[in-house]
Amino acid sequence: MDDHTELHFFDRTVTFDQFVDMVATKIALRIHQIEKGELEISQSQAYKLFGRADVERWIKNGKLHPVRISPGKKRYSLVDLQKLASIQQNYLL
């Protein structure tokens, strides 16, 4: 693929370099948010990404706490969820 290849999206056409720059910007922003602990997701998003049973088990075991609670809504740190998901679980203990 050369630098002049165009990518066609339903709303516009961009060059490959423009596409890479947009993706790199989004990734850099996401990394910054994660490092600052600013990236939060809703409880329903946590259930979809990590499985309801796992999320509820982490909450029950005191390993996961909401970072923000508003009326009827709980939000969790994505970093905390990713750390818990990366730990090998031993269900026999």
# chains A, B, ... in the order shown; residues from 1 in each chain; ligands from 1
>>> residues_around(residues="segment 55-57 of chain A", least_positions_apart="6", cutoff="8 Å", atoms="only C-alpha atoms", output="PyMOL selection string")
chain A and resi 46-47+64
>>> residues_around(residues="Val79 of chain A", least_positions_apart="2", cutoff="9 Å", atoms="only C-alpha atoms", output="PyMOL selection string")
chain A and resi 34-35+37+39-40+76-77+81-84
>>> atom_distance(atom1="atom CA of Glu6 of chain A", atom2="atom CA of Val20 of chain A")
11.6 Å
>>> atom_distance(atom1="atom CA of Ser44 of chain A", atom2="atom CA of Phe10 of chain A")
29.4 Å
>>> residues_around(residues="Ser42 of chain A", least_positions_apart="6", cutoff="10 Å", atoms="only C-alpha atoms", output="list in words")
Lys48, Pro66, Arg68, Ile69, Lys73, Lys74, Arg75, Tyr76, Ser77 and Leu78 of chain A
>>> select_by_dssp(residues="chain A", states="strand (DSSP E)", output="ChimeraX atom specification")
/A:6-8,13-15,40-42,68-70,73-77
>>> write_last_selection(atoms="C-alpha atoms", output="PDB file, in the first residue's frame")
ATOM      1  CA  GLU A   6      -7.494   6.259  -0.574  1.00  0.00           C
ATOM      2  CA  LEU A   7      -9.884   4.708   1.884  1.00  0.00           C
ATOM      3  CA  HIS A   8     -13.570   5.179   1.176  1.00  0.00           C
ATOM      4  CA  THR A  13     -12.744   9.647   1.471  1.00  0.00           C
ATOM      5  CA  VAL A  14      -9.398  10.003   3.234  1.00  0.00           C
ATOM      6  CA  THR A  15      -5.854   9.110   2.323  1.00  0.00           C
ATOM      7  CA  GLU A  40     -14.691   4.685  33.023  1.00  0.00           C
ATOM      8  CA  ILE A  41     -17.392   2.429  31.664  1.00  0.00           C
ATOM      9  CA  SER A  42     -20.940   1.767  32.751  1.00  0.00           C
ATOM     10  CA  ARG A  68     -18.658   6.860  40.470  1.00  0.00           C
ATOM     11  CA  ILE A  69     -22.244   6.297  41.457  1.00  0.00           C
ATOM     12  CA  SER A  70     -25.087   8.469  40.254  1.00  0.00           C
ATOM     13  CA  LYS A  73     -25.971   4.152  37.523  1.00  0.00           C
ATOM     14  CA  LYS A  74     -22.574   2.772  38.464  1.00  0.00           C
ATOM     15  CA  ARG A  75     -19.347   3.336  36.582  1.00  0.00           C
ATOM     16  CA  TYR A  76     -16.176   1.266  36.861  1.00  0.00           C
ATOM     17  CA  SER A  77     -12.562   1.938  35.970  1.00  0.00           C
TER      18      SER A  77
END
>>> atom_distance(atom1="atom CA of Ala24 of chain A", atom2="atom CA of Phe9 of chain A")
17.8 Å
>>> select_by_dssp(residues="chain A", states="alpha helix (DSSP H)", output="NGL selection string")
:A and (16-35 or 43-50 or 52-60 or 78-86)
